[in-house]
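Listing of work_23.csv, CSV, C-alpha atoms
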chain,number,residue,atom,x,y,z
A,1,MET,CA,-4.2,24.2,-1.3
A,2,GLU,CA,-4.7,23.9,2.4
A,3,GLY,CA,-4.0,20.8,4.4
A,4,THR,CA,-2.1,18.4,2.2
A,5,ASP,CA,0.8,19.0,-0.2
A,6,CYS,CA,0.1,20.5,-3.6
A,7,CYS,CA,2.5,18.6,-5.8
A,8,ALA,CA,2.1,14.9,-4.9
A,9,LEU,CA,3.0,12.1,-7.3
A,10,GLN,CA,0.6,11.0,-10.0
A,11,LEU,CA,0.0,7.6,-11.3
A,12,GLY,CA,2.5,6.6,-13.9
A,13,GLN,CA,5.3,8.7,-12.4
A,14,THR,CA,8.5,7.2,-11.0
A,15,VAL,CA,8.6,7.5,-7.3
A,16,PRO,CA,11.8,9.2,-6.0
A,17,ASP,CA,13.9,7.1,-3.6
A,18,PHE,CA,13.0,7.3,0.0
A,19,THR,CA,14.3,5.8,3.2
A,20,MET,CA,12.5,5.3,6.6
A,21,GLU,CA,13.4,3.9,10.0
A,22,THR,CA,11.4,0.8,10.7
A,23,PHE,CA,10.2,-1.7,13.3
A,24,ASP,CA,9.9,-5.2,12.1
A,25,PRO,CA,7.6,-7.3,14.3
A,26,GLY,CA,8.6,-10.5,12.5
A,27,LYS,CA,12.2,-10.1,13.7
A,28,PHE,CA,11.4,-8.0,16.7
A,29,GLY,CA,14.0,-5.4,15.7
A,30,PHE,CA,14.6,-2.0,14.2
A,31,GLY,CA,16.0,-1.3,10.7
A,32,THR,CA,15.5,0.8,7.7
A,33,VAL,CA,13.5,0.4,4.5
A,34,SER,CA,14.4,2.1,1.2
A,35,LEU,CA,12.6,2.1,-2.2
A,36,GLU,CA,15.9,1.5,-3.9
A,37,ALA,CA,16.5,-1.7,-1.9
A,38,LEU,CA,13.0,-3.0,-2.7
A,39,LYS,CA,13.5,-2.3,-6.4
A,40,LYS,CA,16.8,-4.1,-6.4
A,41,ALA,CA,15.1,-7.1,-4.7
A,42,GLY,CA,12.5,-7.0,-7.6
A,43,LYS,CA,9.7,-6.4,-5.2
A,44,TRP,CA,6.3,-4.7,-5.6
A,45,THR,CA,5.8,-2.2,-2.8
A,46,VAL,CA,2.6,-1.5,-1.1
A,47,LEU,CA,2.6,1.5,1.2
A,48,PHE,CA,-0.2,1.7,3.7
A,49,PHE,CA,-0.4,5.1,5.5
A,50,TYR,CA,-2.5,5.7,8.6
A,51,PRO,CA,-2.9,8.6,11.0
A,52,ALA,CA,-1.5,7.3,14.3
A,53,ASP,CA,-0.5,4.3,16.4
A,54,PHE,CA,-2.8,3.4,19.4
A,55,THR,CA,-5.9,4.5,17.5
A,56,PHE,CA,-8.8,2.7,16.0
A,57,VAL,CA,-8.0,1.5,12.5
B,58,MET,CA,-4.4,-3.1,10.5
B,59,ALA,CA,-5.6,-6.4,12.0
B,60,ASP,CA,-7.2,-7.1,8.7
B,61,LEU,CA,-3.8,-6.5,7.0
B,62,ALA,CA,-2.1,-8.8,9.5
B,63,ASP,CA,-4.5,-11.6,8.7
B,64,ARG,CA,-3.9,-11.2,4.9
B,65,HIS,CA,-0.2,-10.4,5.0
B,66,GLU,CA,0.8,-13.8,3.6
B,67,GLN,CA,-1.2,-13.1,0.4
B,68,PHE,CA,1.0,-10.0,-0.2
B,69,ILE,CA,4.1,-12.0,0.2
B,70,GLU,CA,2.9,-14.7,-2.1
B,71,ALA,CA,2.1,-12.1,-4.7
B,72,GLY,CA,5.7,-10.9,-4.5
B,73,ALA,CA,5.0,-7.6,-2.7
B,74,GLU,CA,6.5,-6.0,0.4
B,75,LEU,CA,3.8,-4.5,2.6
B,76,ILE,CA,4.9,-1.5,4.6
B,77,THR,CA,2.7,0.4,7.0
B,78,VAL,CA,3.6,4.1,7.6
B,79,SER,CA,2.6,6.7,10.1
B,80,THR,CA,4.3,9.8,11.6
B,81,ASP,CA,5.0,7.9,14.8
B,82,THR,CA,8.5,6.7,15.5
B,83,GLN,CA,9.6,3.1,15.2
B,84,PHE,CA,9.7,3.0,19.0
B,85,VAL,CA,6.0,3.8,19.3
B,86,HIS,CA,5.3,1.2,16.5
B,87,LEU,CA,7.1,-1.4,18.7
B,88,ALA,CA,5.1,-0.4,21.8
B,89,TRP,CA,1.8,-0.5,19.9
B,90,GLN,CA,2.4,-3.8,18.1
B,91,ARG,CA,3.5,-5.4,21.4
B,92,ASP,CA,0.6,-4.1,23.5
B,93,GLU,CA,-2.4,-4.3,21.1
B,94,LYS,CA,-3.8,-7.8,20.9
B,95,LEU,CA,-5.3,-7.1,17.5
B,96,LEU,CA,-1.8,-6.7,16.1
B,97,GLU,CA,-0.4,-9.9,17.7
B,98,LYS,CA,0.0,-11.6,14.4
B,99,ALA,CA,1.4,-8.5,12.5
B,100,LYS,CA,4.6,-9.3,10.6
B,101,PHE,CA,4.7,-6.5,8.2
B,102,THR,CA,7.3,-3.7,8.3
B,103,MET,CA,6.2,-0.7,10.3
B,104,ALA,CA,7.9,2.5,8.9
B,105,ALA,CA,8.3,5.8,10.7
B,106,ASP,CA,7.8,9.1,9.0
B,107,PRO,CA,8.1,11.6,11.9
B,108,THR,CA,9.1,14.5,9.6
B,109,GLY,CA,6.2,13.8,7.2
B,110,THR,CA,8.6,13.7,4.2
B,111,VAL,CA,7.3,10.5,2.7
B,112,SER,CA,3.7,11.3,3.5
B,113,ARG,CA,4.1,14.7,1.7
B,114,LEU,CA,5.7,13.0,-1.3
B,115,PHE,CA,2.4,11.0,-1.7
B,116,GLY,CA,0.2,13.9,-0.9
B,117,VAL,CA,-1.3,12.4,2.3
B,118,TYR,CA,0.3,14.6,4.9
B,119,ASP,CA,-2.2,16.9,6.7
B,120,GLU,CA,0.0,19.9,7.6
B,121,SER,CA,-2.5,21.2,10.2
B,122,LYS,CA,-2.5,17.9,12.2
B,123,GLY,CA,0.9,16.5,11.5
B,124,LEU,CA,-0.7,13.2,10.6
B,125,ALA,CA,-1.0,11.1,7.5
B,126,LEU,CA,-4.4,10.4,5.8
B,127,ARG,CA,-5.3,6.8,5.1
B,128,GLY,CA,-3.4,6.5,1.8
B,129,THR,CA,-2.6,3.3,0.0
B,130,PHE,CA,-0.1,3.1,-2.8
B,131,VAL,CA,1.2,0.4,-5.1
B,132,ILE,CA,4.6,0.7,-6.7
B,133,ASN,CA,6.0,-1.7,-9.3
B,134,PRO,CA,9.6,-3.1,-9.1
B,135,GLU,CA,10.8,-0.4,-11.5
B,136,GLY,CA,9.6,2.3,-9.0
B,137,VAL,CA,6.5,3.4,-11.0
B,138,LEU,CA,3.4,4.4,-9.0
B,139,LEU,CA,0.5,2.4,-10.4
B,140,ALA,CA,-2.4,2.6,-7.9
B,141,SER,CA,-3.5,5.0,-5.2
B,142,GLU,CA,-6.4,5.3,-2.9
B,143,VAL,CA,-6.8,7.9,-0.1
B,144,ASN,CA,-9.5,7.8,2.5
B,145,PHE,CA,-10.2,10.5,5.1
B,146,PHE,CA,-9.2,9.9,8.7
B,147,ASN,CA,-12.5,8.4,9.8
B,148,ILE,CA,-13.0,5.8,7.0
B,149,GLY,CA,-11.3,2.4,6.9
B,150,ARG,CA,-10.1,0.5,3.9
B,151,ASN,CA,-10.9,-2.8,2.3
B,152,VAL,CA,-7.9,-5.1,2.2
B,153,ASP,CA,-9.6,-7.4,-0.3
B,154,GLU,CA,-9.8,-4.5,-2.8
B,155,LEU,CA,-6.2,-3.7,-2.2
B,156,LEU,CA,-5.1,-7.3,-2.9
B,157,ARG,CA,-7.4,-7.3,-6.0
B,158,LYS,CA,-5.7,-4.1,-7.4
B,159,LEU,CA,-2.2,-5.4,-6.5
B,160,LYS,CA,-2.9,-8.7,-8.3
B,161,ALA,CA,-4.5,-7.0,-11.3
B,162,ASN,CA,-1.4,-4.7,-11.7
B,163,ILE,CA,1.0,-7.7,-11.4
B,164,TYR,CA,-1.1,-9.6,-14.0
B,165,ALA,CA,-1.2,-6.6,-16.3
B,166,ALA,CA,2.6,-6.1,-16.0
B,167,LYS,CA,3.2,-9.7,-17.2
B,168,HIS,CA,0.6,-9.4,-20.0
B,169,SER,CA,1.1,-6.0,-21.4
B,170,ASP,CA,-1.5,-6.4,-24.3
B,171,GLU,CA,-4.3,-7.3,-21.8
B,172,ALA,CA,-6.4,-5.2,-19.5
B,173,CYS,CA,-8.3,-6.2,-16.4
B,174,PRO,CA,-12.0,-5.2,-16.7
B,175,ALA,CA,-14.2,-3.9,-13.8
B,176,ARG,CA,-14.2,-6.1,-10.7
B,177,TRP,CA,-11.6,-8.4,-12.3
B,178,ALA,CA,-10.3,-11.0,-9.9
B,179,GLU,CA,-7.4,-13.4,-10.3
B,180,GLY,CA,-8.2,-16.2,-12.8
B,181,GLU,CA,-11.0,-14.3,-14.5
B,182,LYS,CA,-11.2,-13.2,-18.2
B,183,THR,CA,-9.2,-10.2,-19.3
B,184,LEU,CA,-9.6,-7.9,-22.4
B,185,LYS,CA,-7.3,-7.5,-25.3
B,186,PRO,CA,-8.0,-3.9,-26.4
B,187,GLY,CA,-7.8,-3.3,-30.1
B,188,ALA,CA,-9.7,-2.1,-33.2
B,189,GLU,CA,-11.9,-5.3,-33.2
B,190,MET,CA,-13.1,-4.7,-29.7
B,191,VAL,CA,-14.5,-1.2,-30.3
B,192,GLY,CA,-18.2,-1.4,-29.6
B,193,LYS,CA,-17.9,-5.1,-28.9
B,194,VAL,CA,-16.8,-5.2,-25.3
B,195,TYR,CA,-19.9,-7.2,-24.3
B,196,GLU,CA,-19.0,-9.9,-26.8
B,197,ALA,CA,-15.4,-9.9,-25.7
B,198,LEU,CA,-16.4,-10.5,-22.1
B,199,GLN,CA,-18.6,-13.5,-22.9
Kindly present the structure from the file in structure tokens form.
Amino acid sequence: MEGTDCCALQLGQTVPDFTMETFDPGKFGFGTVSLEALKKAGKWTVLFFYPADFTFV
Amino acid sequence: MADLADRHEQFIEAGAELITVSTDTQFVHLAWQRDEKLLEKAKFTMAADPTGTVSRLFGVYDESKGLALRGTFVINPEGVLLASEVNFFNIGRNVDELLRKLKANIYAAKHSDEACPARWAEGEKTLKPGAEMVGKVYEALQ
């Protein structure tokens, strides 16, 4: 398959843990976010992907 | 994104953490959020995926462009992926629909014998699938 990855997750599957560097506008600071920490906090997670900063959204 | 910023409180109230992701770094996220008036009220976490690792995991990474498609994903507190929607680069999303799906999933998680019918919104009638409902969905919805 061209363009996107061939073996993405499907609904009902468990998402493997991931970690990303973050900017938190609320605290005006940098940090990290991990799925493991969100799960430990009992949170639902909503991921909202978009192509690029400084563009029309 | 401005639409998301306006409705962020509703995600928090529902018990969800809203994280926006692009392949930009956290430093560019800061610069954009600080400079763009539309994002003045943004309080959600802005995550950086410059290697595309997380975007690939969810199948939204365009290898030829190095950018992520407009993918939206809902994961429950056990880490199970329960909703996904992907739009192409040039089509925006509907935050109302995202909130509707999030709330429906949270409701269904708490009421495992019920299902949320088409266009279900918080407070509306749900269905209890079972033998007696076969061929009688119309009656069940009344």
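Across A:Phe23, A:Thr32, A:Phe48, A:Lys40, the tightest approach to Val85 of chain B is made by A:Phe23 when counting only C-alpha atoms.
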Using all atoms listed in the file, which of B:Ile163, B:Leu96, B:Ala104, B:Ile76 sits nearest Thr22 of chain A?
B:Ala104
Fewer than 6 positions away in the same chain doesn't count, so skip those; otherwise give me all residues within 10 Å of segment 149-156 of chain B, counting only C-alpha atoms, as a PyMOL selection string.
(chain A and resi 46+48+50+56-57) or (chain B and resi 58+60-61+63-65+67-68+71+127-131+140-143+162+176+178-179)
Could you dump the residues just selected with C-alpha atoms as a tab-separated table (two decimals), in the coordinates of the input?
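Result file is again_22.tsv:
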chain	number	residue	atom	x	y	z
A	46	VAL	CA	2.60	-1.50	-1.10
A	48	PHE	CA	-0.20	1.70	3.70
A	50	TYR	CA	-2.50	5.70	8.60
A	56	PHE	CA	-8.80	2.70	16.00
A	57	VAL	CA	-8.00	1.50	12.50
B	58	MET	CA	-4.40	-3.10	10.50
B	60	ASP	CA	-7.20	-7.10	8.70
B	61	LEU	CA	-3.80	-6.50	7.00
B	63	ASP	CA	-4.50	-11.60	8.70
B	64	ARG	CA	-3.90	-11.20	4.90
B	65	HIS	CA	-0.20	-10.40	5.00
B	67	GLN	CA	-1.20	-13.10	0.40
B	68	PHE	CA	1.00	-10.00	-0.20
B	71	ALA	CA	2.10	-12.10	-4.70
B	127	ARG	CA	-5.30	6.80	5.10
B	128	GLY	CA	-3.40	6.50	1.80
B	129	THR	CA	-2.60	3.30	0.00
B	130	PHE	CA	-0.10	3.10	-2.80
B	131	VAL	CA	1.20	0.40	-5.10
B	140	ALA	CA	-2.40	2.60	-7.90
B	141	SER	CA	-3.50	5.00	-5.20
B	142	GLU	CA	-6.40	5.30	-2.90
B	143	VAL	CA	-6.80	7.90	-0.10
B	162	ASN	CA	-1.40	-4.70	-11.70
B	176	ARG	CA	-14.20	-6.10	-10.70
B	178	ALA	CA	-10.30	-11.00	-9.90
B	179	GLU	CA	-7.40	-13.40	-10.30
Taking only C-alpha atoms into account, which residues of chain A are within 7 Å of chain B, as a PyMOL selection string?
chain A and resi 3-5+8-9+11-15+20-26+39+42-54+57
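If you look at atom CA of Thr108 of chain B and atom CA of Leu35 of chain A, they are 17.5 Å away from each other.
For the atom pair formed by atom CA of Met190 of chain B and atom CA of Ala166 of chain B, the distance is 20.9 Å, given to one decimal.
Our summary of the geometry notes that atom CA of Pro174 of chain B is positioned 11.1 Å from atom CA of Tyr195 of chain B.
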